[in-house]
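Structure file model-v6.csv (CSV, C-alpha atoms) follows.
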```csv
chain,number,residue,atom,x,y,z
A,18,MET,CA,0.0,0.0,0.0
A,19,LYS,CA,2.8,2.4,0.9
A,20,LYS,CA,4.5,1.7,-2.4
A,21,ILE,CA,1.2,2.6,-4.2
A,22,ILE,CA,0.9,5.9,-2.3
A,23,VAL,CA,4.5,6.8,-3.1
A,24,LEU,CA,4.0,6.0,-6.8
A,25,ILE,CA,0.8,8.0,-7.0
A,26,ALA,CA,2.6,10.9,-5.3
A,27,VAL,CA,5.4,10.8,-7.8
A,28,CYS,CA,3.0,10.7,-10.7
A,29,LEU,CA,1.0,13.6,-9.4
A,30,PHE,CA,4.2,15.6,-8.8
A,31,SER,CA,5.2,15.1,-12.5
A,32,CYS,CA,1.8,16.0,-13.7
A,33,ASN,CA,2.1,19.2,-11.7
A,34,ALA,CA,5.5,19.9,-13.1
A,35,VAL,CA,4.1,19.6,-16.6
A,36,SER,CA,1.3,22.1,-16.0
A,37,MET,CA,3.7,24.5,-14.1
A,38,ALA,CA,6.0,24.5,-17.1
A,39,ALA,CA,3.1,25.2,-19.4
A,40,ALA,CA,2.0,28.1,-17.2
A,41,THR,CA,5.5,29.6,-17.2
A,42,GLU,CA,5.7,29.2,-20.9
A,43,GLY,CA,2.3,31.0,-21.1
A,44,ILE,CA,3.8,34.0,-19.3
A,45,LYS,CA,6.9,34.2,-21.5
A,46,MET,CA,4.9,33.5,-24.7
A,47,LYS,CA,1.8,35.7,-24.4
A,48,ASP,CA,-0.5,35.4,-27.4
A,49,THR,CA,-0.6,38.1,-30.0
A,50,LEU,CA,-4.0,39.6,-29.2
A,51,THR,CA,-3.2,39.8,-25.5
A,52,VAL,CA,0.1,41.7,-26.4
A,53,ILE,CA,-1.6,44.0,-28.9
A,54,HIS,CA,-4.1,45.1,-26.1
A,55,ALA,CA,-1.5,45.1,-23.3
A,56,ARG,CA,0.9,47.3,-25.3
A,57,LYS,CA,1.1,50.8,-23.8
A,58,SER,CA,3.3,53.8,-24.2
A,59,VAL,CA,5.9,53.3,-21.4
A,60,ARG,CA,7.5,56.5,-20.3
A,61,ASN,CA,8.8,55.4,-16.9
A,62,PHE,CA,11.8,53.0,-16.7
A,63,THR,CA,13.8,51.5,-13.9
A,64,GLY,CA,17.1,52.4,-15.5
A,65,ALA,CA,18.1,48.8,-16.0
A,66,PRO,CA,19.9,47.9,-19.2
A,67,VAL,CA,18.4,46.0,-22.1
A,68,THR,CA,20.3,43.0,-23.4
A,69,ALA,CA,21.8,42.9,-26.9
A,70,ALA,CA,19.8,39.7,-27.6
A,71,ASP,CA,16.5,41.5,-26.8
A,72,LEU,CA,17.4,44.5,-29.0
A,73,ASP,CA,18.2,42.1,-31.8
A,74,THR,CA,14.9,40.3,-31.3
A,75,ILE,CA,13.1,43.6,-31.4
A,76,VAL,CA,14.8,44.9,-34.6
A,77,ARG,CA,14.2,41.5,-36.3
A,78,ALA,CA,10.5,41.9,-35.6
A,79,GLY,CA,10.6,45.3,-37.3
A,80,MET,CA,12.1,43.8,-40.4
A,81,ALA,CA,9.3,41.2,-40.6
A,82,ALA,CA,6.7,43.9,-41.5
A,83,PRO,CA,5.3,44.1,-45.0
A,84,SER,CA,6.3,46.9,-47.4
A,85,ALA,CA,4.9,48.2,-50.7
A,86,VAL,CA,6.2,45.8,-53.4
A,87,ASN,CA,8.5,44.3,-50.7
A,88,MET,CA,11.0,47.2,-51.0
A,89,GLN,CA,11.9,47.3,-47.3
A,90,PRO,CA,13.0,50.9,-47.3
A,91,TRP,CA,13.6,50.9,-43.5
A,92,SER,CA,16.7,50.7,-41.3
A,93,PHE,CA,17.3,50.8,-37.6
A,94,VAL,CA,19.8,52.6,-35.3
A,95,VAL,CA,20.2,50.9,-32.0
A,96,VAL,CA,21.6,53.1,-29.2
A,97,THR,CA,22.7,51.8,-25.8
A,98,LYS,CA,25.5,54.2,-24.8
A,99,ARG,CA,24.4,56.5,-21.9
A,100,GLY,CA,26.1,59.5,-23.5
A,101,LYS,CA,24.3,59.1,-26.8
A,102,LEU,CA,20.9,58.6,-25.1
A,103,VAL,CA,21.4,61.8,-23.1
A,104,GLU,CA,22.6,63.7,-26.2
A,105,LEU,CA,19.4,62.5,-28.0
A,106,ALA,CA,17.2,63.6,-25.1
A,107,ASP,CA,18.7,67.0,-25.1
A,108,GLY,CA,17.1,68.0,-28.4
A,109,LEU,CA,13.8,66.0,-28.0
A,110,PRO,CA,11.3,67.6,-25.7
A,111,HIS,CA,9.1,64.5,-25.6
A,112,ALA,CA,11.9,62.0,-25.1
A,113,LYS,CA,13.3,63.0,-21.8
A,114,MET,CA,12.7,59.5,-20.5
A,115,LEU,CA,15.7,58.4,-22.5
A,116,SER,CA,17.8,59.3,-19.5
A,117,LYS,CA,16.4,56.2,-17.7
A,118,ALA,CA,15.8,54.0,-20.7
A,119,GLY,CA,18.2,51.1,-21.3
A,120,ALA,CA,18.4,51.8,-25.1
A,121,ALA,CA,16.7,53.6,-28.0
A,122,ILE,CA,15.7,52.3,-31.3
A,123,ILE,CA,15.4,54.8,-34.1
A,124,VAL,CA,13.3,53.6,-37.1
A,125,CYS,CA,14.6,55.2,-40.3
A,126,THR,CA,13.3,55.1,-43.8
A,127,GLU,CA,14.7,56.0,-47.3
A,128,PRO,CA,12.2,57.3,-49.9
A,129,LYS,CA,14.7,56.5,-52.7
A,130,LYS,CA,14.6,52.8,-51.7
A,131,ALA,CA,10.8,52.8,-51.4
A,132,PHE,CA,8.4,51.7,-54.2
A,133,GLU,CA,8.4,54.4,-56.9
A,134,GLY,CA,10.8,56.4,-54.8
A,135,SER,CA,7.7,57.5,-52.8
A,136,ASN,CA,7.9,59.4,-49.6
A,137,ASP,CA,4.4,58.1,-48.7
A,138,PHE,CA,5.3,54.5,-49.1
A,139,ALA,CA,8.6,55.0,-47.2
A,140,ILE,CA,6.7,56.5,-44.3
A,141,ILE,CA,4.0,53.8,-44.3
A,142,ASP,CA,6.4,50.9,-44.6
A,143,ALA,CA,8.6,52.1,-41.8
A,144,SER,CA,5.5,52.8,-39.6
A,145,LEU,CA,4.4,49.2,-40.0
A,146,ALA,CA,8.0,48.1,-39.0
A,147,GLY,CA,7.7,50.6,-36.0
A,148,GLU,CA,4.5,48.9,-34.8
A,149,ASN,CA,6.2,45.5,-34.9
A,150,VAL,CA,9.0,47.0,-32.8
A,151,LEU,CA,6.6,48.3,-30.2
A,152,LEU,CA,4.8,44.9,-30.0
A,153,ALA,CA,8.0,43.0,-29.8
A,154,ILE,CA,9.1,45.3,-26.9
A,155,GLU,CA,5.8,44.5,-25.1
A,156,ALA,CA,6.1,40.8,-25.9
A,157,LEU,CA,9.5,40.7,-24.2
A,158,GLY,CA,8.1,42.3,-21.0
A,159,LEU,CA,9.9,45.5,-21.8
A,160,GLY,CA,8.5,49.0,-22.4
A,161,GLY,CA,8.8,51.6,-25.1
A,162,VAL,CA,7.1,54.6,-26.6
A,163,TRP,CA,7.0,56.1,-30.1
A,164,THR,CA,8.3,59.6,-29.8
A,165,ALA,CA,8.0,61.3,-33.2
A,166,ALA,CA,11.0,62.8,-35.0
A,167,TYR,CA,9.2,63.0,-38.5
A,168,PRO,CA,7.6,65.3,-39.6
A,169,ASP,CA,9.2,67.8,-37.2
A,170,LYS,CA,12.2,69.3,-39.1
A,171,SER,CA,14.1,70.5,-36.0
A,172,ARG,CA,13.8,67.1,-34.2
A,173,MET,CA,14.8,65.2,-37.4
A,174,LYS,CA,17.9,67.6,-37.7
A,175,HIS,CA,18.9,66.9,-34.1
A,176,VAL,CA,18.5,63.1,-34.5
A,177,ARG,CA,20.5,63.2,-37.7
A,178,GLU,CA,23.3,65.2,-36.1
A,179,VAL,CA,23.6,63.0,-33.0
A,180,LEU,CA,23.5,59.7,-34.9
A,181,ASN,CA,25.3,60.7,-38.1
A,182,ILE,CA,22.2,59.9,-40.2
A,183,PRO,CA,22.5,61.0,-43.9
A,184,LEU,CA,20.2,63.7,-45.2
A,185,ASP,CA,18.3,61.3,-47.6
A,186,VAL,CA,17.4,59.1,-44.7
A,187,ILE,CA,14.4,60.1,-42.6
A,188,PRO,CA,14.6,59.3,-38.8
A,189,LEU,CA,10.9,58.5,-38.3
A,190,ASN,CA,10.9,58.2,-34.5
A,191,VAL,CA,13.0,57.7,-31.4
A,192,ILE,CA,11.7,54.7,-29.3
A,193,PRO,CA,13.2,54.6,-25.8
A,194,VAL,CA,13.3,50.9,-24.7
A,195,GLY,CA,13.7,49.8,-21.1
A,196,HIS,CA,12.3,48.0,-18.1
A,197,PRO,CA,9.0,49.5,-17.1
A,198,ALA,CA,8.7,51.0,-13.7
A,199,GLY,CA,5.1,49.8,-13.7
A,200,GLU,CA,3.4,53.2,-13.7
A,201,ASP,CA,2.1,53.1,-17.3
A,202,LYS,CA,-1.1,51.2,-18.1
A,203,PRO,CA,-2.8,50.3,-21.5
A,204,LYS,CA,-5.8,52.4,-22.5
A,205,ASN,CA,-9.1,50.9,-23.8
A,206,LYS,CA,-9.5,52.8,-27.1
A,207,TYR,CA,-12.4,50.8,-28.5
A,208,LYS,CA,-15.0,53.0,-30.1
A,209,LYS,CA,-18.0,51.4,-31.8
A,210,GLU,CA,-18.6,54.5,-33.9
A,211,LYS,CA,-15.2,54.0,-35.6
A,212,ILE,CA,-16.5,50.8,-37.3
A,213,HIS,CA,-18.7,51.1,-40.4
A,214,GLN,CA,-20.5,48.0,-41.6
A,215,GLU,CA,-20.6,47.4,-45.4
A,216,GLN,CA,-20.2,51.1,-46.1
A,217,TRP,CA,-19.5,54.4,-44.4
B,294,MET,CA,1.4,-5.4,-8.5
B,295,LYS,CA,-1.4,-5.3,-11.1
B,296,LYS,CA,-3.0,-2.4,-9.1
B,297,ILE,CA,0.2,-0.5,-9.2
B,298,ILE,CA,0.6,-0.9,-12.9
B,299,VAL,CA,-3.0,0.3,-13.5
B,300,LEU,CA,-2.5,3.3,-11.2
B,301,ILE,CA,0.8,4.3,-12.9
B,302,ALA,CA,-1.0,4.0,-16.3
B,303,VAL,CA,-3.8,6.3,-15.1
B,304,CYS,CA,-1.3,8.8,-13.8
B,305,LEU,CA,0.7,8.8,-17.0
B,306,PHE,CA,-2.4,9.2,-19.1
B,307,SER,CA,-3.4,12.3,-17.1
B,308,CYS,CA,0.1,13.8,-17.5
B,309,ASN,CA,-0.2,13.3,-21.2
B,310,ALA,CA,-3.7,14.9,-21.3
B,311,VAL,CA,-2.2,18.0,-19.5
B,312,SER,CA,0.6,18.4,-22.0
B,313,MET,CA,-1.7,17.7,-25.0
B,314,ALA,CA,-4.0,20.5,-23.7
B,315,ALA,CA,-1.0,22.8,-23.4
B,316,ALA,CA,0.0,22.0,-27.0
B,317,THR,CA,-3.4,22.7,-28.4
B,318,GLU,CA,-3.6,26.0,-26.5
B,319,GLY,CA,-0.2,26.8,-28.1
B,320,ILE,CA,-1.6,26.4,-31.6
B,321,LYS,CA,-4.6,28.7,-30.9
B,322,MET,CA,-2.6,31.2,-28.9
B,323,LYS,CA,0.6,31.6,-30.8
B,324,ASP,CA,3.1,34.0,-29.2
B,325,THR,CA,3.6,37.5,-30.6
B,326,LEU,CA,7.0,37.0,-32.1
B,327,THR,CA,6.0,33.8,-33.8
B,328,VAL,CA,3.0,35.6,-35.4
B,329,ILE,CA,5.0,38.6,-36.4
B,330,HIS,CA,7.4,36.3,-38.3
B,331,ALA,CA,4.7,34.0,-39.6
B,332,ARG,CA,2.6,36.9,-41.0
B,333,LYS,CA,2.6,36.9,-44.8
B,334,SER,CA,0.7,38.6,-47.6
B,335,VAL,CA,-2.0,36.1,-48.3
B,336,ARG,CA,-3.4,36.5,-51.8
B,337,ASN,CA,-5.0,33.0,-52.2
B,338,PHE,CA,-8.2,32.2,-50.3
B,339,THR,CA,-10.5,29.2,-50.1
B,340,GLY,CA,-13.6,31.3,-50.5
B,341,ALA,CA,-15.0,30.5,-47.1
B,342,PRO,CA,-16.6,33.3,-45.1
B,343,VAL,CA,-15.1,35.0,-42.1
B,344,THR,CA,-17.2,35.2,-38.9
B,345,ALA,CA,-18.5,38.5,-37.6
B,346,ALA,CA,-16.7,37.7,-34.3
B,347,ASP,CA,-13.4,37.4,-36.0
B,348,LEU,CA,-13.9,40.6,-37.9
B,349,ASP,CA,-14.7,42.4,-34.6
B,350,THR,CA,-11.6,40.9,-33.0
B,351,ILE,CA,-9.5,42.2,-35.9
B,352,VAL,CA,-10.9,45.7,-35.9
B,353,ARG,CA,-10.5,45.9,-32.1
B,354,ALA,CA,-6.8,45.0,-32.5
B,355,GLY,CA,-6.5,47.9,-35.0
B,356,MET,CA,-7.9,50.4,-32.4
B,357,ALA,CA,-5.4,49.3,-29.8
B,358,ALA,CA,-2.6,50.9,-31.8
B,359,PRO,CA,-0.9,54.0,-30.5
B,360,SER,CA,-1.4,57.4,-32.2
B,361,ALA,CA,0.2,60.8,-31.9
B,362,VAL,CA,-1.2,62.5,-28.8
B,363,ASN,CA,-3.7,59.6,-28.6
B,364,MET,CA,-5.9,61.3,-31.3
B,365,GLN,CA,-7.0,58.0,-32.9
B,366,PRO,CA,-7.8,59.5,-36.3
B,367,TRP,CA,-8.6,56.1,-37.8
B,368,SER,CA,-11.8,54.3,-38.7
B,369,PHE,CA,-12.6,51.0,-40.3
B,370,VAL,CA,-15.1,49.8,-43.0
B,371,VAL,CA,-15.9,46.1,-42.8
B,372,VAL,CA,-17.3,44.6,-46.0
B,373,THR,CA,-18.6,41.1,-46.2
B,374,LYS,CA,-21.3,41.3,-49.0
B,375,ARG,CA,-20.1,39.5,-52.1
B,376,GLY,CA,-21.5,42.3,-54.4
B,377,LYS,CA,-19.5,45.0,-52.6
B,378,LEU,CA,-16.3,42.9,-52.6
B,379,VAL,CA,-16.6,42.4,-56.4
B,380,GLU,CA,-17.4,46.1,-56.9
B,381,LEU,CA,-14.3,47.0,-54.9
B,382,ALA,CA,-12.1,44.6,-56.9
B,383,ASP,CA,-13.3,46.0,-60.2
B,384,GLY,CA,-11.4,49.3,-59.7
B,385,LEU,CA,-8.4,47.9,-57.8
B,386,PRO,CA,-5.8,46.1,-60.1
B,387,HIS,CA,-4.0,44.6,-57.1
B,388,ALA,CA,-7.0,43.5,-55.2
B,389,LYS,CA,-8.5,40.9,-57.6
B,390,MET,CA,-8.3,38.3,-54.8
B,391,LEU,CA,-11.2,40.0,-53.2
B,392,SER,CA,-13.4,37.8,-55.3
B,393,LYS,CA,-12.4,34.8,-53.1
B,394,ALA,CA,-11.9,36.6,-49.8
B,395,GLY,CA,-14.5,36.3,-47.1
B,396,ALA,CA,-14.4,40.0,-46.2
B,397,ALA,CA,-12.4,43.2,-46.6
B,398,ILE,CA,-11.3,45.7,-44.0
B,399,ILE,CA,-10.6,49.2,-45.2
B,400,VAL,CA,-8.5,51.2,-42.8
B,401,CYS,CA,-9.4,54.9,-43.1
B,402,THR,CA,-7.9,58.0,-41.6
B,403,GLU,CA,-9.0,61.7,-41.1
B,404,PRO,CA,-6.3,64.3,-41.1
B,405,LYS,CA,-8.6,66.8,-39.4
B,406,LYS,CA,-8.9,64.4,-36.4
B,407,ALA,CA,-5.1,63.8,-36.2
B,408,PHE,CA,-2.7,65.8,-34.0
B,409,GLU,CA,-2.3,69.3,-35.3
B,410,GLY,CA,-4.6,68.3,-38.2
B,411,SER,CA,-1.5,66.7,-39.8
B,412,ASN,CA,-1.8,64.5,-42.8
B,413,ASP,CA,1.5,62.9,-41.8
B,414,PHE,CA,0.3,61.8,-38.4
B,415,ALA,CA,-3.1,60.7,-39.8
B,416,ILE,CA,-1.2,58.3,-42.2
B,417,ILE,CA,1.3,57.1,-39.6
B,418,ASP,CA,-1.4,56.5,-36.9
B,419,ALA,CA,-3.6,54.5,-39.3
B,420,SER,CA,-0.6,52.6,-40.6
B,421,LEU,CA,0.1,51.4,-37.1
B,422,ALA,CA,-3.5,50.4,-36.7
B,423,GLY,CA,-3.2,48.6,-40.1
B,424,GLU,CA,-0.3,46.5,-38.9
B,425,ASN,CA,-2.3,45.5,-35.9
B,426,VAL,CA,-5.1,44.4,-38.2
B,427,LEU,CA,-2.7,42.3,-40.3
B,428,LEU,CA,-1.2,40.6,-37.2
B,429,ALA,CA,-4.6,39.9,-35.7
B,430,ILE,CA,-5.6,38.3,-39.0
B,431,GLU,CA,-2.6,36.0,-38.8
B,432,ALA,CA,-3.1,35.3,-35.1
B,433,LEU,CA,-6.6,34.1,-35.9
B,434,GLY,CA,-5.3,31.7,-38.5
B,435,LEU,CA,-6.8,33.8,-41.3
B,436,GLY,CA,-4.9,35.5,-44.1
B,437,GLY,CA,-4.8,39.1,-45.4
B,438,VAL,CA,-2.8,41.5,-47.5
B,439,TRP,CA,-2.4,45.3,-47.5
B,440,THR,CA,-3.4,46.5,-50.9
B,441,ALA,CA,-2.7,50.2,-51.1
B,442,ALA,CA,-5.4,52.8,-51.9
B,443,TYR,CA,-3.5,55.8,-50.6
B,444,PRO,CA,-1.6,57.6,-52.2
B,445,ASP,CA,-3.1,56.6,-55.6
B,446,LYS,CA,-5.8,59.1,-56.4
B,447,SER,CA,-7.8,57.0,-58.7
B,448,ARG,CA,-7.9,54.0,-56.3
B,449,MET,CA,-8.9,56.3,-53.4
B,450,LYS,CA,-11.7,57.7,-55.6
B,451,HIS,CA,-13.0,54.2,-56.5
B,452,VAL,CA,-12.9,53.1,-52.8
B,453,ARG,CA,-14.7,56.3,-51.7
B,454,GLU,CA,-17.4,55.8,-54.4
B,455,VAL,CA,-18.1,52.2,-53.7
B,456,LEU,CA,-18.2,52.6,-49.9
B,457,ASN,CA,-19.6,56.1,-49.7
B,458,ILE,CA,-16.6,57.4,-47.8
B,459,PRO,CA,-16.5,61.3,-47.4
B,460,LEU,CA,-13.9,63.3,-49.2
B,461,ASP,CA,-12.1,64.4,-46.0
B,462,VAL,CA,-11.6,60.7,-45.1
B,463,ILE,CA,-8.6,58.9,-46.6
B,464,PRO,CA,-9.1,55.2,-47.4
B,465,LEU,CA,-5.5,54.1,-46.7
B,466,ASN,CA,-5.8,50.5,-48.0
B,467,VAL,CA,-8.1,47.6,-48.8
B,468,ILE,CA,-7.2,44.5,-46.8
B,469,PRO,CA,-8.9,41.3,-48.2
B,470,VAL,CA,-9.4,38.9,-45.3
B,471,GLY,CA,-10.1,35.2,-45.7
B,472,HIS,CA,-9.1,31.6,-45.1
B,473,PRO,CA,-5.7,31.0,-46.7
B,474,ALA,CA,-5.5,28.4,-49.4
B,475,GLY,CA,-2.1,27.6,-48.1
B,476,GLU,CA,0.0,28.8,-51.1
B,477,ASP,CA,1.5,31.9,-49.5
B,478,LYS,CA,4.5,31.7,-47.3
B,479,PRO,CA,6.3,34.2,-45.1
B,480,LYS,CA,9.6,35.7,-46.4
B,481,ASN,CA,12.7,36.0,-44.3
B,482,LYS,CA,13.6,39.7,-44.6
B,483,TYR,CA,16.3,39.9,-42.1
B,484,LYS,CA,19.2,42.0,-43.3
B,485,LYS,CA,22.1,42.7,-41.0
B,486,GLU,CA,23.2,45.8,-42.9
B,487,LYS,CA,19.9,47.5,-42.0
B,488,ILE,CA,21.0,47.6,-38.3
B,489,HIS,CA,23.3,50.4,-37.3
B,490,GLN,CA,24.9,50.1,-33.8
B,491,GLU,CA,25.1,53.3,-31.8
B,492,GLN,CA,25.1,55.5,-34.9
B,493,TRP,CA,24.7,55.3,-38.7
```

Kindly return the structure encoded in the file as structure tokens.
Amino acid sequence: MKKIIVLIAVCLFSCNAVSMAAATEGIKMKDTLTVIHARKSVRNFTGAPVTAADLDTIVRAGMAAPSAVNMQPWSFVVVTKRGKLVELADGLPHAKMLSKAGAAIIVCTEPKKAFEGSNDFAIIDASLAGENVLLAIEALGLGGVWTAAYPDKSRMKHVREVLNIPLDVIPLNVIPVGHPAGEDKPKNKYKKEKIHQEQW
Amino acid sequence: MKKIIVLIAVCLFSCNAVSMAAATEGIKMKDTLTVIHARKSVRNFTGAPVTAADLDTIVRAGMAAPSAVNMQPWSFVVVTKRGKLVELADGLPHAKMLSKAGAAIIVCTEPKKAFEGSNDFAIIDASLAGENVLLAIEALGLGGVWTAAYPDKSRMKHVREVLNIPLDVIPLNVIPVGHPAGEDKPKNKYKKEKIHQEQW
């Protein structure tokens, strides 16, 4: 009888280990719709660094976006050095949180590389890549916020100067990336009146 | 001894059931990075309809995107009627697959509702919403493809006419949504040279 009890205990323990593992996996691997709705603009960071591996994962997600006629006119500058982050913040009134971010990702785009050399497609394509970047940040348990460089001429000039970005490349945004301090929450932005059935 | 064997068998069976359940959940609830990389432009559909619930889920994901100063200048037209889908296809050379799609989602944007009444922010904000739409489609096991209306004047005119969209609203795209026939595969678009470390 003792043997039986021990065996059952062992079996139950292994069962539990399997479900525990599944649950942990669930936390790390949140499904897409959950992440889309959990994503928020994170402006408060702990100051902890972001690993190179996470930054690589984030930028790879950006490059998986679609683009007009698959022209992929985007590129990405990844900044982790404190001095550069502070320098960027100096000229960007809405990106002061860079001082406590672990990194910044700047999504850039080149109209001459876009379909038909179009500024419009260059901006749209890089915007899609930018949304992938924001979602990947959330998926990794990190936080970020799109602070616009484009279309503000003085902000674009500042970002170009600090990061040595050529004049024919548009720095679309500066996305501070870091570990969320926990203060920022997602908004529910659902509005029924924004949905039109069959026609406007 | 027989009893012990039976008990072990029962325990092992339950363990297996737990991991099976976890695996099924994994298929339904693919993690965000997997979906970002699995997303592809689906141009071949089975012709099966898309449920109203799925269309609602997709549009809600669109509205969860960030926008400049949270202005949410977007709106969405959801088309499911065969006649309308065919009418749309008639004036859109790159959207002929609408004839076998179950539905179409048109992401629209209104510059006058965007931050500073900016056309640029209107387009960027709605593009981010559009990427959420594409990812939600993939997450649900459906397929879709961004066919551009903006910035092509004649395509925008056609979409406005078919769907009764006012002149101050920009139809950014027409996204056919349907059940993938399985022919379209994701591309690996990773390019190391598109990543710049610390500066351009």

How large is the C-alpha RMSD when chain A is optimally fitted onto chain B, using all Cα positions paired one-to-one in sequence order? 0.5 Å

Residues of chain B within 7 Å of chain A, counting all atoms listed in the file - could you list those as a PyMOL selection string? chain B and resi 297+301+304-305+308+311-312+315+322-326+328-330+353-354+356-357+368-373+413+417+420-421+424+429+432+444+456-458+482-483+487-493

For Asn136 in chain A, which residue among A:Val186, A:Arg172, A:Lys117, A:Ala112 is the nearest when counting only C-alpha atoms?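 Looking at the shortest contact to Asn136 in chain A, the residue is A:Val186.
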
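One finds CA of Ile463 in chain B at 18.0 Å from CA of Ala382 in chain B.
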
Please return as a ChimeraX atom specification every residue within 6 Å of (22.9, 52.8, -18.5), taking into account only C-alpha atoms and the file's own coordinates. /A:66,99,119

Within 8 Å of (-12.0, 63.2, -38.4) (coordinates as in the file), grab all the protein and nucleic acid residues, counting all atoms listed in the file, and write them out as a VMD selection string. chain B and resid 366 to 367 402 to 407 461 to 462

So how far away is CA of Gly134 in chain A from CA of Pro469 in chain B, in Å?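 Value for the CA of Pro469 in chain B-CA of Gly134 in chain A distance: 25.7 Å.
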
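Straight-line separation from CA of Lys174 in chain A to CA of Leu159 in chain A: 28.4 Å.
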
Can you report as AutoDock Vina command-line options the centre and edge lengths in Å, to one decimal, of an axis-aligned box around the listed atoms of range 394-410 of chain B padded with 8 Å on each side?
```
--center_x -8.4 --center_y 52.8 --center_z -41.9 --size_x 28.2 --size_y 49.0 --size_z 31.8
```

Would you please work out which residue, of A:Phe132, A:Asp169, A:Ala139, A:Gly158, is nearest to Gly199 in chain A when using all atoms listed in the file? A:Gly158

When you look at Glu476 in chain B with a cut-off of 9 Å (counting all atoms listed in the file), what residues show up, excluding the ones that are within fewer than 3 positions of it in the same chain? I need them as a CSV table (one decimal) with C-alpha atoms, keeping the file's coordinate frame.
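Heads up, here's the output in around_11.csv:
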```csv
chain,number,residue,atom,x,y,z
B,335,VAL,CA,-2.0,36.1,-48.3
B,336,ARG,CA,-3.4,36.5,-51.8
B,337,ASN,CA,-5.0,33.0,-52.2
B,338,PHE,CA,-8.2,32.2,-50.3
B,473,PRO,CA,-5.7,31.0,-46.7
```

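Of the listed residues (B:Gly384, B:Gly376, B:Gly471, B:Pro464), B:Gly471 comes nearest to Asp347 in chain B; the distances count all atoms listed in the file.
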